[in-house]
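Peer 1: Right, I'll just put the structure down here and ask away after.
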Amino acid sequence: MSTQRYIDTSFWDDTWVQELDPSEKLLYIYLLTNPLTNIAGVMELTIKRICFDTGFNSDTVTHILRKFENAKKVYRYNNYIIIRNFPKHQQLKSENVIKGIATILSKLSDDVLAYLEKIEYQFDIRGVFDTLCIPYTYPSNYLNLDLNLDLNLDLNSNSDSDLSQTTEKLDNETELIQNKTEIITKTKKTKPIKHKHGEFQNVLLSDVEFNKLKTEYGEEKVLNIIQHFSELKEMKGYKYNSDYLALKKWGIESYEKRTYSANSLKEQGKKWRPDKKDLDILDKITVR
């Protein structure tokens, strides 16, 4: 059964609508009335489906949607189309309408709900969810500073005890805000900056990682190890998520075996050349 959607005749008197070209007007009306739209104005609608229904190509649709977003009318988030002011034009005095919008929003993922808050979607999501006892997960970067101070101040009172109690409550609330801010700051993980090392600038280490190696092996030896590792990476085309772990796992061992073999042969007046046994060992300790 089809769903009826009504467009007020004042739609055509809207200044923004009057400035749209015919293609833009058609697409906007399509977004308001397409089979996938709903009372919340938040629908899962792909560009491919829009093109199929309207006959526009993807470039045209993308261009028009970008224009709508710049005007803060329609937003696109992943495969969702969001008409920002859609709830405002519904009968929000009706409890059934509010419940209908809330039901649709409650089925959305946390990241979509966070995006709705970011674009200032015209519906009190948190307030309605709380009223209807619908669970709501606050975005990770959301800090609720709307604290209930409940200070019960008597502006006509000159009592020192009242002022003392008020000051104490304010101090407690301030401390609570600071604690929340610290928790959020600590949960934000930032990746350490990694610097390029070695002749071929292909060994990536953070300052902490480089200093750990220096402490364990000494600066001169670490530079030699990195040089050896850089040459192997360049020759073999090795790539790692962590050069530090690769160095610890096999790079240092490879360097020490090569250094030991070269020094032993040097004492005998011979040049070091890897034989089959050496190559087999290198293959075993090398992670590809």
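The way I read the labels, and the way they are meant: chains A, B, ... in the order of the structure tokens, residue 1 as the first residue of every chain, and ligand 1 as the first ligand shown, with later ones counted on from there.
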Give me the residues within 7 Å of stretch 239-245 of chain A as a list in words, counting only C-alpha atoms and dropping any in the same chain fewer than 6 places off.

Peer 2: Val203, Leu204, Leu205 and Glu209 of chain A

Peer 1: So which residues of stretch 204-251 of chain A fall under helix (DSSP H, G or I) by DSSP, listed as a PyMOL selection string?

Peer 2: chain A and resi 207-217+219-236+243-251

Peer 1: Considering only C-alpha atoms, can you say which of A:Ile125, A:Met43, A:Ile252, A:Ile7 comes closest to A:Lys99?

Peer 2: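 Nearest to A:Lys99: A:Ile125.
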